[in-house]
file structure.cif (mmCIF, C-alpha atoms)
data_upload
loop_
_atom_site.label_atom_id
_atom_site.label_comp_id
_atom_site.auth_asym_id
_atom_site.auth_seq_id
_atom_site.Cartn_x
_atom_site.Cartn_y
_atom_site.Cartn_z
CA MET Z 1 -120.67 -20.09 6.68
CA MET Z 2 -119.31 -16.73 5.89
CA ALA Z 3 -117.96 -16.13 2.45
CA ILE Z 4 -115.02 -13.84 1.93
CA ARG Z 5 -116.53 -10.65 0.57
CA ALA Z 6 -113.89 -7.96 0.77
CA THR Z 7 -111.20 -8.24 -1.83
CA HIS Z 8 -107.92 -8.00 -0.08
CA GLU Z 9 -105.00 -6.52 -1.91
CA ILE Z 10 -103.30 -9.93 -1.76
CA HIS Z 11 -105.98 -11.35 -4.03
CA LYS Z 12 -104.82 -9.03 -6.75
CA ARG Z 13 -101.14 -9.59 -6.06
CA ARG Z 14 -101.47 -13.36 -6.25
CA LEU Z 15 -103.86 -13.47 -9.20
CA SER Z 16 -101.30 -14.61 -11.80
CA ARG Z 17 -99.99 -17.24 -9.43
CA ASN Z 18 -103.42 -18.63 -8.60
CA VAL Z 19 -104.57 -18.65 -12.22
CA GLY Z 20 -101.30 -20.35 -13.19
CA VAL Z 21 -101.64 -23.07 -10.57
CA ALA Z 22 -105.29 -23.60 -11.55
CA GLY Z 23 -104.24 -24.00 -15.18
CA VAL Z 24 -101.56 -26.53 -14.25
CA LEU Z 25 -104.02 -28.56 -12.18
CA VAL Z 26 -106.65 -28.58 -14.94
CA GLY Z 27 -103.95 -29.62 -17.41
CA PHE Z 28 -102.82 -32.43 -15.12
CA ILE Z 29 -106.38 -33.72 -14.82
CA ALA Z 30 -106.74 -33.61 -18.60
CA VAL Z 31 -103.51 -35.59 -19.07
CA VAL Z 32 -104.45 -38.26 -16.52
CA PHE Z 33 -107.93 -38.55 -18.02
CA GLY Z 34 -106.61 -38.78 -21.59
CA LEU Z 35 -104.02 -41.35 -20.57
CA THR Z 36 -106.66 -43.42 -18.80
CA VAL Z 37 -108.94 -43.41 -21.84
CA VAL Z 38 -106.09 -44.53 -24.10
CA LYS Z 39 -104.86 -47.23 -21.71
CA VAL Z 40 -108.32 -48.66 -21.06
CA THR Z 41 -109.41 -48.68 -24.70
CA ASN Z 42 -106.17 -50.44 -25.66
CA LEU Z 43 -106.82 -53.26 -23.22
CA GLY Z 44 -109.25 -54.96 -25.58
CA PRO Z 45 -112.40 -56.64 -24.28
CA VAL Z 46 -112.31 -56.59 -20.49
CA GLU Z 47 -114.86 -59.01 -19.17
CA GLY Z 48 -114.84 -62.42 -17.60
CA PHE Z 49 -113.30 -61.44 -14.32
CA ASP Z 50 -116.63 -61.40 -12.58
CA HIS Z 51 -118.14 -63.61 -9.91
CA VAL Z 52 -120.02 -65.64 -12.47
CA VAL Z 53 -118.29 -68.13 -14.74
CA ARG Z 54 -118.59 -67.10 -18.39
CA PRO Z 55 -117.84 -70.22 -20.45
CA ALA Z 56 -117.70 -68.19 -23.66
CA LEU Z 57 -114.58 -66.39 -22.43
CA ILE Z 58 -112.64 -69.47 -21.33
CA GLU Z 59 -110.13 -70.51 -23.93
CA ALA Z 60 -110.72 -73.89 -25.44
CA ASP Z 61 -108.34 -76.67 -24.36
CA LYS Z 62 -105.37 -76.90 -26.62
CA MET Y 1 -107.52 -11.13 11.56
CA THR Y 2 -104.65 -8.84 10.77
CA ASP Y 3 -102.08 -9.29 8.10
CA THR Y 4 -99.30 -11.64 8.98
CA SER Y 5 -95.70 -11.01 8.12
CA THR Y 6 -95.84 -13.21 5.04
CA PHE Y 7 -98.12 -10.66 3.42
CA ASP Y 8 -95.55 -7.93 3.86
CA ARG Y 9 -92.90 -9.17 1.49
CA GLU Y 10 -91.94 -6.41 -0.92
CA TYR Y 11 -92.09 -8.80 -3.86
CA GLU Y 12 -94.75 -11.38 -4.53
CA ALA Y 13 -93.40 -14.33 -6.50
CA GLN Y 14 -95.34 -14.68 -9.74
CA PHE Y 15 -96.11 -17.86 -11.61
CA GLY Y 16 -93.31 -17.13 -14.05
CA ASP Y 17 -90.77 -17.02 -11.22
CA TYR Y 18 -91.66 -20.55 -10.19
CA PHE Y 19 -91.56 -21.65 -13.81
CA ALA Y 20 -88.08 -20.16 -14.12
CA LEU Y 21 -86.94 -22.57 -11.37
CA LEU Y 22 -87.41 -25.38 -13.87
CA LYS Y 23 -84.76 -23.95 -16.23
CA PRO Y 24 -87.06 -23.72 -19.28
CA ARG Y 25 -84.20 -23.38 -21.77
CA VAL Y 26 -82.55 -26.60 -20.59
CA MET Y 27 -86.00 -28.18 -20.60
CA SER Y 28 -86.49 -27.34 -24.28
CA LEU Y 29 -83.37 -29.36 -25.13
CA VAL Y 30 -84.60 -32.21 -22.92
CA VAL Y 31 -88.02 -32.21 -24.60
CA PHE Y 32 -86.44 -32.24 -28.03
CA THR Y 33 -83.90 -35.03 -27.42
CA ALA Y 34 -86.34 -37.18 -25.42
CA MET Y 35 -88.90 -36.82 -28.20
CA VAL Y 36 -86.39 -37.92 -30.81
CA GLY Y 37 -85.35 -40.88 -28.63
CA LEU Y 38 -88.99 -41.92 -28.43
CA LEU Y 39 -89.74 -41.31 -32.14
CA VAL Y 40 -86.78 -43.24 -33.54
CA ALA Y 41 -87.43 -46.28 -31.32
CA PRO Y 42 -88.60 -49.33 -33.28
CA VAL Y 43 -91.74 -49.68 -31.16
CA ALA Y 44 -94.74 -47.51 -32.03
CA VAL Y 45 -96.14 -45.55 -29.11
CA HIS Y 46 -99.66 -44.13 -28.90
CA PRO Y 47 -99.43 -40.33 -29.33
CA MET Y 48 -101.10 -39.67 -25.97
CA VAL Y 49 -98.69 -42.02 -24.18
CA GLY Y 50 -95.75 -40.46 -26.01
CA PHE Y 51 -96.91 -36.96 -25.13
CA THR Y 52 -97.32 -37.89 -21.46
CA ALA Y 53 -93.91 -39.55 -21.37
CA ILE Y 54 -92.15 -36.50 -22.83
CA LEU Y 55 -94.12 -34.13 -20.61
CA PHE Y 56 -93.04 -35.90 -17.44
CA ILE Y 57 -89.45 -36.43 -18.57
CA ALA Y 58 -89.41 -32.63 -18.99
CA VAL Y 59 -91.02 -32.13 -15.56
CA GLY Y 60 -88.39 -34.41 -14.03
CA ALA Y 61 -85.63 -32.40 -15.69
CA GLY Y 62 -87.26 -29.22 -14.38
CA ALA Y 63 -87.42 -30.69 -10.89
CA SER Y 64 -83.69 -31.37 -10.90
CA GLY Y 65 -83.18 -27.78 -12.10
CA ALA Y 66 -85.15 -26.50 -9.10
CA LEU Y 67 -83.10 -28.67 -6.73
CA ASN Y 68 -79.93 -27.35 -8.35
CA MET Y 69 -81.10 -23.75 -7.79
CA TRP Y 70 -81.92 -24.51 -4.16
CA TRP Y 71 -78.48 -25.95 -3.45
CA ASP Y 72 -76.46 -23.52 -5.56
CA ALA Y 73 -78.16 -20.24 -4.57
CA ASP Y 74 -74.95 -19.01 -2.92
CA ILE Y 75 -72.74 -19.42 -6.00
CA ASP Y 76 -75.48 -18.41 -8.44
CA ALA Y 77 -75.62 -15.05 -6.63
CA VAL Y 78 -71.92 -14.46 -7.32
CA MET Y 79 -71.92 -15.30 -11.03
CA ARG Y 80 -73.20 -12.70 -13.44
CA ARG Y 81 -74.74 -15.32 -15.76
CA THR Y 82 -76.88 -16.82 -12.97
CA SER Y 83 -77.44 -13.92 -10.54
CA LYS Y 84 -80.90 -13.22 -12.00
CA ARG Y 85 -82.21 -16.71 -11.20
CA PRO Y 86 -85.29 -16.60 -8.93
CA VAL Y 87 -83.61 -17.67 -5.67
CA PRO Y 88 -80.49 -15.43 -5.73
CA ALA Y 89 -82.65 -12.56 -7.04
CA GLY Y 90 -84.78 -12.87 -3.89
CA LYS Y 91 -87.98 -13.66 -5.77
CA VAL Y 92 -88.46 -17.20 -4.48
CA ASP Y 93 -87.35 -18.66 -1.14
CA ALA Y 94 -84.73 -21.41 -1.29
CA GLY Y 95 -87.09 -23.61 0.73
CA GLU Y 96 -89.80 -23.19 -1.90
CA ALA Y 97 -87.37 -24.24 -4.61
CA LEU Y 98 -86.54 -27.36 -2.58
CA ALA Y 99 -90.23 -28.18 -2.04
CA ILE Y 100 -91.09 -27.74 -5.71
CA GLY Y 101 -88.07 -29.80 -6.75
CA VAL Y 102 -88.89 -32.71 -4.46
CA ALA Y 103 -92.61 -32.68 -5.26
CA LEU Y 104 -92.14 -32.52 -9.02
CA SER Y 105 -89.46 -35.26 -8.88
CA GLY Y 106 -91.93 -37.63 -7.25
CA ILE Y 107 -94.81 -36.72 -9.56
CA SER Y 108 -92.72 -37.04 -12.73
CA VAL Y 109 -91.28 -40.47 -11.84
CA VAL Y 110 -94.64 -41.92 -10.80
CA MET Y 111 -96.42 -40.54 -13.85
CA LEU Y 112 -93.74 -41.83 -16.23
CA ALA Y 113 -94.03 -45.28 -14.63
CA LEU Y 114 -97.82 -45.23 -15.06
CA ALA Y 115 -97.67 -43.94 -18.63
CA THR Y 116 -94.87 -46.20 -19.90
CA ASN Y 117 -92.84 -48.67 -17.84
CA LEU Y 118 -90.79 -49.03 -14.66
CA ALA Y 119 -87.44 -49.11 -16.45
CA ALA Y 120 -87.98 -45.65 -17.95
CA ALA Y 121 -89.20 -44.31 -14.60
CA ALA Y 122 -86.16 -45.76 -12.80
CA LEU Y 123 -83.88 -44.16 -15.38
CA LEU Y 124 -85.60 -40.79 -14.87
CA ALA Y 125 -85.26 -41.12 -11.08
CA PHE Y 126 -81.58 -41.95 -11.50
CA THR Y 127 -81.11 -38.93 -13.79
CA ILE Y 128 -82.67 -36.56 -11.23
CA PHE Y 129 -80.52 -38.10 -8.47
CA PHE Y 130 -77.43 -37.88 -10.66
CA TYR Y 131 -77.93 -34.20 -11.53
CA ALA Y 132 -79.14 -32.97 -8.13
CA VAL Y 133 -76.93 -35.05 -5.84
CA VAL Y 134 -73.94 -36.44 -7.74
CA TYR Y 135 -73.33 -33.37 -9.90
CA THR Y 136 -74.71 -30.42 -7.91
CA MET Y 137 -73.85 -31.53 -4.38
CA TRP Y 138 -70.72 -33.63 -4.79
CA LEU Y 139 -68.78 -32.89 -7.95
CA LYS Y 140 -69.48 -29.34 -9.10
CA ARG Y 141 -67.47 -27.66 -6.34
CA TRP Y 142 -64.90 -30.39 -5.95
CA THR Y 143 -63.41 -31.50 -9.27
CA PRO Y 144 -62.58 -29.85 -12.61
CA GLN Y 145 -64.13 -32.92 -14.23
CA ASN Y 146 -67.52 -31.60 -12.99
CA ILE Y 147 -68.64 -30.73 -16.51
CA VAL Y 148 -67.71 -34.14 -17.91
CA ILE Y 149 -69.57 -36.14 -15.28
CA GLY Y 150 -72.45 -33.68 -15.02
CA GLY Y 151 -72.91 -33.98 -18.76
CA ALA Y 152 -74.18 -37.51 -18.20
CA ALA Y 153 -77.33 -36.08 -16.61
CA GLY Y 154 -78.09 -34.09 -19.74
CA ALA Y 155 -77.35 -37.12 -21.90
CA PHE Y 156 -80.00 -39.38 -20.37
CA PRO Y 157 -83.23 -37.89 -21.87
CA PRO Y 158 -83.02 -39.52 -25.35
CA MET Y 159 -82.22 -42.80 -23.62
CA ILE Y 160 -85.25 -42.40 -21.33
CA GLY Y 161 -87.39 -41.67 -24.40
CA TRP Y 162 -86.08 -44.82 -26.08
CA VAL Y 163 -86.66 -46.97 -22.98
CA ALA Y 164 -90.16 -45.48 -22.57
CA ALA Y 165 -90.98 -46.90 -26.02
CA THR Y 166 -89.04 -50.18 -26.02
CA GLY Y 167 -88.63 -51.06 -22.33
CA SER Y 168 -84.90 -51.75 -22.67
CA ILE Y 169 -81.56 -50.17 -23.52
CA SER Y 170 -79.79 -50.92 -26.80
CA LEU Y 171 -76.74 -49.81 -28.79
CA GLU Y 172 -78.70 -46.98 -30.42
CA ALA Y 173 -79.77 -45.61 -27.02
CA VAL Y 174 -76.20 -45.81 -25.74
CA LEU Y 175 -74.86 -43.97 -28.79
CA MET Y 176 -77.45 -41.19 -28.42
CA PHE Y 177 -76.33 -40.90 -24.80
CA THR Y 178 -72.68 -40.80 -25.86
CA LEU Y 179 -73.37 -38.10 -28.43
CA ILE Y 180 -74.59 -35.65 -25.77
CA PHE Y 181 -72.13 -36.90 -23.15
CA MET Y 182 -69.07 -36.22 -25.33
CA TRP Y 183 -70.54 -32.99 -26.69
CA THR Y 184 -71.06 -31.37 -23.28
CA PRO Y 185 -67.40 -30.79 -22.26
CA PRO Y 186 -66.34 -28.89 -25.40
CA HIS Y 187 -69.62 -26.95 -25.26
CA PHE Y 188 -69.14 -25.81 -21.65
CA TRP Y 189 -65.39 -25.32 -21.75
CA ALA Y 190 -65.79 -22.97 -24.70
CA LEU Y 191 -68.23 -21.01 -22.53
CA ALA Y 192 -65.78 -21.06 -19.62
CA LEU Y 193 -63.04 -19.65 -21.86
CA PHE Y 194 -64.97 -16.45 -22.55
CA MET Y 195 -67.03 -16.18 -19.33
CA ARG Y 196 -63.89 -16.56 -17.31
CA SER Y 197 -64.29 -14.25 -14.34
CA ASP Y 198 -67.65 -15.80 -13.41
CA TYR Y 199 -66.40 -19.22 -12.36
CA ASP Y 200 -63.28 -17.76 -10.70
CA ASP Y 201 -65.40 -15.47 -8.53
CA ALA Y 202 -67.68 -18.30 -7.46
CA GLY Y 203 -64.75 -20.58 -6.63
CA ILE Y 204 -65.97 -23.39 -8.87
CA PRO Y 205 -63.02 -25.57 -9.93
CA MET Y 206 -63.43 -25.16 -13.68
CA LEU Y 207 -60.70 -26.68 -15.79
CA THR Y 208 -59.73 -23.18 -16.97
CA VAL Y 209 -58.86 -22.26 -13.38
CA THR Y 210 -57.33 -25.47 -12.07
CA HIS Y 211 -55.30 -26.59 -15.07
CA GLY Y 212 -55.04 -23.41 -17.06
CA ARG Y 213 -56.56 -22.20 -20.28
CA LYS Y 214 -54.02 -23.89 -22.56
CA VAL Y 215 -54.95 -27.30 -21.14
CA THR Y 216 -58.64 -26.45 -21.55
CA ARG Y 217 -58.12 -25.66 -25.22
CA ALA Y 218 -56.38 -29.02 -25.67
CA HIS Y 219 -59.25 -30.79 -23.87
CA ILE Y 220 -61.80 -29.18 -26.19
CA LEU Y 221 -59.93 -30.53 -29.20
CA GLY Y 222 -59.49 -33.96 -27.60
CA TYR Y 223 -63.17 -34.43 -26.77
CA THR Y 224 -64.26 -33.12 -30.16
CA ALA Y 225 -61.92 -35.59 -31.88
CA VAL Y 226 -63.42 -38.52 -29.94
CA LEU Y 227 -66.95 -37.20 -30.44
CA ALA Y 228 -66.73 -37.08 -34.26
CA PRO Y 229 -66.37 -40.84 -34.98
CA LEU Y 230 -69.01 -41.70 -32.38
CA ALA Y 231 -71.46 -39.19 -33.84
CA ILE Y 232 -70.87 -40.42 -37.38
CA GLY Y 233 -70.96 -44.05 -36.21
CA LEU Y 234 -74.57 -43.59 -35.12
CA ALA Y 235 -75.44 -43.24 -38.82
CA PHE Y 236 -74.66 -46.94 -39.33
CA THR Y 237 -77.02 -48.24 -36.66
CA SER Y 238 -80.69 -49.06 -37.22
CA ILE Y 239 -81.78 -45.48 -36.49
CA GLY Y 240 -79.27 -43.83 -38.84
CA GLY Y 241 -80.09 -42.83 -42.39
CA PRO Y 242 -79.02 -40.62 -45.28
CA ALA Y 243 -80.10 -37.34 -43.65
CA TYR Y 244 -78.22 -38.12 -40.45
CA LEU Y 245 -75.10 -39.29 -42.28
CA VAL Y 246 -74.86 -36.07 -44.33
CA VAL Y 247 -75.52 -33.85 -41.30
CA ALA Y 248 -73.08 -35.76 -39.07
CA ILE Y 249 -70.22 -35.64 -41.56
CA ALA Y 250 -70.69 -31.94 -42.35
CA LEU Y 251 -71.20 -30.74 -38.77
CA ASN Y 252 -68.43 -32.86 -37.24
CA ALA Y 253 -65.95 -31.61 -39.84
CA TRP Y 254 -66.94 -28.03 -38.99
CA PHE Y 255 -66.89 -28.71 -35.23
CA LEU Y 256 -63.40 -30.23 -35.48
CA LYS Y 257 -62.23 -27.25 -37.49
CA GLY Y 258 -63.49 -24.92 -34.76
CA ALA Y 259 -61.88 -27.00 -32.00
CA TYR Y 260 -58.61 -27.02 -33.90
CA ALA Y 261 -58.78 -23.21 -34.24
CA ILE Y 262 -59.40 -22.88 -30.48
CA TRP Y 263 -56.47 -25.19 -29.72
CA ARG Y 264 -54.08 -23.18 -31.90
CA ARG Y 265 -54.91 -19.83 -30.29
CA ASP Y 266 -53.37 -18.41 -27.16
CA GLU Y 267 -54.82 -15.84 -24.78
CA VAL Y 268 -53.25 -12.86 -26.53
CA MET Y 269 -54.90 -13.81 -29.81
CA ALA Y 270 -58.19 -14.55 -28.07
CA GLU Y 271 -58.27 -11.23 -26.27
CA ALA Y 272 -57.33 -9.36 -29.44
CA ASP Y 273 -60.62 -10.34 -31.13
CA ASN Y 274 -62.63 -10.60 -27.89
CA PHE Y 275 -62.91 -14.41 -27.99
CA ARG Y 276 -64.67 -14.43 -31.34
CA VAL Y 277 -63.59 -17.98 -32.24
CA GLU Y 278 -64.61 -19.35 -28.83
CA LYS Y 279 -67.99 -17.62 -28.95
CA ASP Y 280 -68.65 -18.87 -32.50
CA PHE Y 281 -67.72 -22.39 -31.43
CA PHE Y 282 -70.10 -22.21 -28.45
CA ARG Y 283 -72.98 -20.94 -30.60
CA PHE Y 284 -72.28 -23.57 -33.24
CA SER Y 285 -72.26 -26.31 -30.59
CA LEU Y 286 -75.97 -25.64 -29.88
CA LEU Y 287 -76.82 -25.94 -33.56
CA TYR Y 288 -74.67 -29.09 -33.70
CA LEU Y 289 -76.77 -30.93 -31.15
CA PHE Y 290 -80.15 -29.78 -32.48
CA ALA Y 291 -79.17 -30.69 -36.04
CA HIS Y 292 -77.98 -34.20 -35.11
CA PHE Y 293 -81.20 -35.07 -33.31
CA GLY Y 294 -83.28 -33.27 -35.91
CA ALA Y 295 -81.65 -35.41 -38.61
CA LEU Y 296 -82.44 -38.58 -36.65
CA ALA Y 297 -86.08 -37.50 -36.58
CA VAL Y 298 -86.02 -36.78 -40.32
CA ASP Y 299 -84.63 -40.25 -41.05
CA ALA Y 300 -87.29 -41.81 -38.84
CA GLY Y 301 -89.88 -39.88 -40.84
CA LEU Y 302 -88.33 -41.10 -44.11
CA ARG Y 303 -88.46 -44.71 -42.90
CA MET Y 304 -92.08 -44.28 -41.85
CA ALA Y 305 -92.94 -42.86 -45.28
CA GLY Y 306 -91.15 -45.82 -46.84
CA VAL Y 307 -88.64 -43.67 -48.70
CA ALA Y 308 -85.46 -44.97 -47.12
#
call {"tool": "encode", "arguments": {"input": "structure.cif", "output": "structure tokens"}}
result
Amino acid sequence: MMAIRATHEIHKRRLSRNVGVAGVLVGFIAVVFGLTVVKVTNLGPVEGFDHVVRPALIEADK
Amino acid sequence: MTDTSTFDREYEAQFGDYFALLKPRVMSLVVFTAMVGLLVAPVAVHPMVGFTAILFIAVGAGASGALNMWWDADIDAVMRRTSKRPVPAGKVDAGEALAIGVALSGISVVMLALATNLAAAALLAFTIFFYAVVYTMWLKRWTPQNIVIGGAAGAFPPMIGWVAATGSISLEAVLMFTLIFMWTPPHFWALALFMRSDYDDAGIPMLTVTHGRKVTRAHILGYTAVLAPLAIGLAFTSIGGPAYLVVAIALNAWFLKGAYAIWRRDEVMAEADNFRVEKDFFRFSLLYLFAHFGALAVDAGLRMAGVA
């Protein structure tokens, strides 16, 4: 593998654009992550959907 | 490898040029009204979910702005007000504007669906379609009612915010929609009265050109007169309150006074003072909308604090 060593003039010209796009992507990841944390924590206890029957989680007959 | 021709463009589009495709000033109004729609809804929303919803409603609005700039690059280049937009200024290719518009439309709708519910996402998708296709492609160059129908696109955000919180549409959401919908024609026709050569040059059938300026003045008064009772009526729904009632009565009286003054003037009078009344009315119309939605937010805050 050969890394790009020489800095081409285009690297300078596109710097603001690349930094901007990077910032947007990092922000998007942060939003999706934050949203996931909120949604999952608001679900309440999530267990009982496993391969083993968990009698404690089955609602009593009404 | 040698440089390819794409490297030889005289101007390299910067991040800000792409951001300008999203019409940031329109977006600020969308963010504000969508936020109020979400805040005044009777269902509490987790702050992170609310933030995500407003963010992607804004992104969706920006996407439709980019699609509008892609389609309208030819007329934007002719009008002084819009000639500095990224595509007519030669900073961004029209194809790039199209790609950004389509990509952001998809992302915003999917993310709103994931963050809130399908009804809100469907409403956002419809809004983008309405602005980019119904308004920009079909109506803008064809009918002098372009402003009236196009105004619907700008009126959807508070309703989307409301639906994001509650999952359904109600009277309050419809009245918030109507407030912006009825406000848009007087707002834009006042602009058309003093930016007159622009729309003529571009060949857009503005009411000022097709039916004359006297008719436009009458239309401004007519829409403002219908707007006032609807705006004040919102005060008596579940989201209204003392702050909104006071603001609505005061601002609608002032707005009507301005519309009446515009209606009474003719072109000689308007040219004599360089369209001062029309310009004041246009500037006031921006304050009008911000103040109405701001007051709704204040009343929601009062209810939350248990004061009202």
call {"tool": "closest_atom_pairs", "arguments": {"input": "structure.cif", "of": "chain Z", "to": "chain Y", "cutoff": "7 Å", "atoms": "all atoms listed in the file", "output": "JSON lines"}}
result
{"residue": "Z:Arg13", "atom": "CA", "partner": "Y:Glu12", "partner_atom": "CA", "distance": 6.8}
{"residue": "Z:Ser16", "atom": "CA", "partner": "Y:Phe15", "partner_atom": "CA", "distance": 6.1}
{"residue": "Z:Arg17", "atom": "CA", "partner": "Y:Phe15", "partner_atom": "CA", "distance": 4.5}
{"residue": "Z:Gly20", "atom": "CA", "partner": "Y:Phe15", "partner_atom": "CA", "distance": 6.0}
{"residue": "Z:Leu35", "atom": "CA", "partner": "Y:Met48", "partner_atom": "CA", "distance": 6.4}
call {"tool": "resolve_selection", "arguments": {"input": "structure.cif", "expression": "the PyMOL selection byres ((chain Y and resi 168-177) around 6)", "output": "PDB file with C-alpha atoms, keeping the file's coordinate frame"}}
result
ATOM      1  CA  ALA Y 155     -77.350 -37.120 -21.900  1.00  0.00           C
ATOM      2  CA  PHE Y 156     -80.000 -39.380 -20.370  1.00  0.00           C
ATOM      3  CA  MET Y 159     -82.220 -42.800 -23.620  1.00  0.00           C
ATOM      4  CA  VAL Y 163     -86.660 -46.970 -22.980  1.00  0.00           C
ATOM      5  CA  THR Y 166     -89.040 -50.180 -26.020  1.00  0.00           C
ATOM      6  CA  GLY Y 167     -88.630 -51.060 -22.330  1.00  0.00           C
ATOM      7  CA  THR Y 178     -72.680 -40.800 -25.860  1.00  0.00           C
ATOM      8  CA  LEU Y 179     -73.370 -38.100 -28.430  1.00  0.00           C
ATOM      9  CA  ILE Y 180     -74.590 -35.650 -25.770  1.00  0.00           C
TER      10      ILE Y 180
END
call {"tool": "residues_around", "arguments": {"input": "structure.cif", "residues": "region 275-291 of chain Y", "least_positions_apart": "6", "cutoff": "6 Å", "atoms": "only C-alpha atoms", "output": "PyMOL selection string"}}
result
chain Y and resi 187+190+258
call {"tool": "write_last_selection", "arguments": {"input": "structure.cif", "atoms": "C-alpha atoms", "output": "PDB file, in the coordinates of the input"}}
result
ATOM      1  CA  HIS Y 187     -69.620 -26.950 -25.260  1.00  0.00           C
ATOM      2  CA  ALA Y 190     -65.790 -22.970 -24.700  1.00  0.00           C
ATOM      3  CA  GLY Y 258     -63.490 -24.920 -34.760  1.00  0.00           C
TER       4      GLY Y 258
END
call {"tool": "closest_residue", "arguments": {"input": "structure.cif", "among": "Y:Ala192, Y:Ala270, Y:Val36, Y:Ile57", "to": "Leu104 (chain Y)", "atoms": "only C-alpha atoms"}}
result
Y:Ile57
call {"tool": "closest_residue", "arguments": {"input": "structure.cif", "among": "Z:Val21, Z:Leu43, Z:Val52, Z:Val32", "to": "Ile107 (chain Y)", "atoms": "all atoms listed in the file"}}
result
Z:Val32
call {"tool": "atom_distance", "arguments": {"input": "structure.cif", "atom1": "CA of Ala297 (chain Y)", "atom2": "CA of Ala44 (chain Y)"}}
result
14.0 Å
call {"tool": "atom_distance", "arguments": {"input": "structure.cif", "atom1": "CA of Val78 (chain Y)", "atom2": "CA of Met269 (chain Y)"}}
result
28.2 Å
call {"tool": "atom_distance", "arguments": {"input": "structure.cif", "atom1": "CA of Phe188 (chain Y)", "atom2": "CA of Trp70 (chain Y)"}}
result
21.7 Å
call {"tool": "closest_residue", "arguments": {"input": "structure.cif", "among": "Z:Lys12, Z:Val31, Z:Ala6, Z:Ala22", "to": "Ala53 (chain Y)", "atoms": "only C-alpha atoms"}}
result
Z:Val31
call {"tool": "resolve_selection", "arguments": {"input": "structure.cif", "expression": "the PyMOL selection byres ((chain Y and resi 143-146) around 12)", "output": "PyMOL selection string"}}
result
chain Y and resi 130-131+134-142+147-153+184-185+188-189+192+199+203-212+215-216+219
call {"tool": "residues_near_point", "arguments": {"input": "structure.cif", "point": "(-93.6, -35.5, -13.1)", "cutoff": "12 Å", "atoms": "all atoms listed in the file", "output": "number ranges by chain"}}
result
Z: 28, 31-32; Y: 22, 52-64, 100-115, 121, 124-125, 128
call {"tool": "resolve_selection", "arguments": {"input": "structure.cif", "expression": "the PyMOL selection byres ((chain Y and resi 88) around 8)", "output": "PyMOL selection string"}}
result
chain Y and resi 73-74+76-77+83-87+89-91
call {"tool": "decode", "arguments": {"input": "structure.cif", "residues": "region 1-28 of chain Z", "atoms": "C-alpha atoms", "output": "PDB file, in the first residue's frame"}}
result
ATOM      1  CA  MET Z   1       0.000   0.000   0.000  1.00  0.00           C
ATOM      2  CA  MET Z   2       1.237   3.390  -0.878  1.00  0.00           C
ATOM      3  CA  ALA Z   3       0.019   6.293   1.143  1.00  0.00           C
ATOM      4  CA  ILE Z   4      -0.521   9.650  -0.473  1.00  0.00           C
ATOM      5  CA  ARG Z   5       2.462  11.715   0.590  1.00  0.00           C
ATOM      6  CA  ALA Z   6       2.556  14.798  -1.567  1.00  0.00           C
ATOM      7  CA  THR Z   7      -0.020  17.381  -0.693  1.00  0.00           C
ATOM      8  CA  HIS Z   8      -1.766  18.345  -3.847  1.00  0.00           C
ATOM      9  CA  GLU Z   9      -3.118  21.831  -4.169  1.00  0.00           C
ATOM     10  CA  ILE Z  10      -6.631  20.350  -4.279  1.00  0.00           C
ATOM     11  CA  HIS Z  11      -6.234  19.174  -0.702  1.00  0.00           C
ATOM     12  CA  LYS Z  12      -5.975  22.761   0.381  1.00  0.00           C
ATOM     13  CA  ARG Z  13      -8.754  23.955  -1.881  1.00  0.00           C
ATOM     14  CA  ARG Z  14     -11.188  21.351  -0.610  1.00  0.00           C
ATOM     15  CA  LEU Z  15     -10.224  21.562   3.057  1.00  0.00           C
ATOM     16  CA  SER Z  16     -13.302  23.497   4.220  1.00  0.00           C
ATOM     17  CA  ARG Z  17     -15.559  21.176   2.265  1.00  0.00           C
ATOM     18  CA  ASN Z  18     -13.990  18.015   3.652  1.00  0.00           C
ATOM     19  CA  VAL Z  19     -13.951  19.281   7.225  1.00  0.00           C
ATOM     20  CA  GLY Z  20     -17.584  20.363   6.829  1.00  0.00           C
ATOM     21  CA  VAL Z  21     -18.703  16.986   5.512  1.00  0.00           C
ATOM     22  CA  ALA Z  22     -16.760  15.229   8.289  1.00  0.00           C
ATOM     23  CA  GLY Z  23     -18.498  17.405  10.870  1.00  0.00           C
ATOM     24  CA  VAL Z  24     -21.920  16.626   9.398  1.00  0.00           C
ATOM     25  CA  LEU Z  25     -21.215  12.889   9.432  1.00  0.00           C
ATOM     26  CA  VAL Z  26     -19.975  12.939  13.035  1.00  0.00           C
ATOM     27  CA  GLY Z  27     -23.056  14.947  13.994  1.00  0.00           C
ATOM     28  CA  PHE Z  28     -25.328  12.451  12.246  1.00  0.00           C
TER      29      PHE Z  28
END
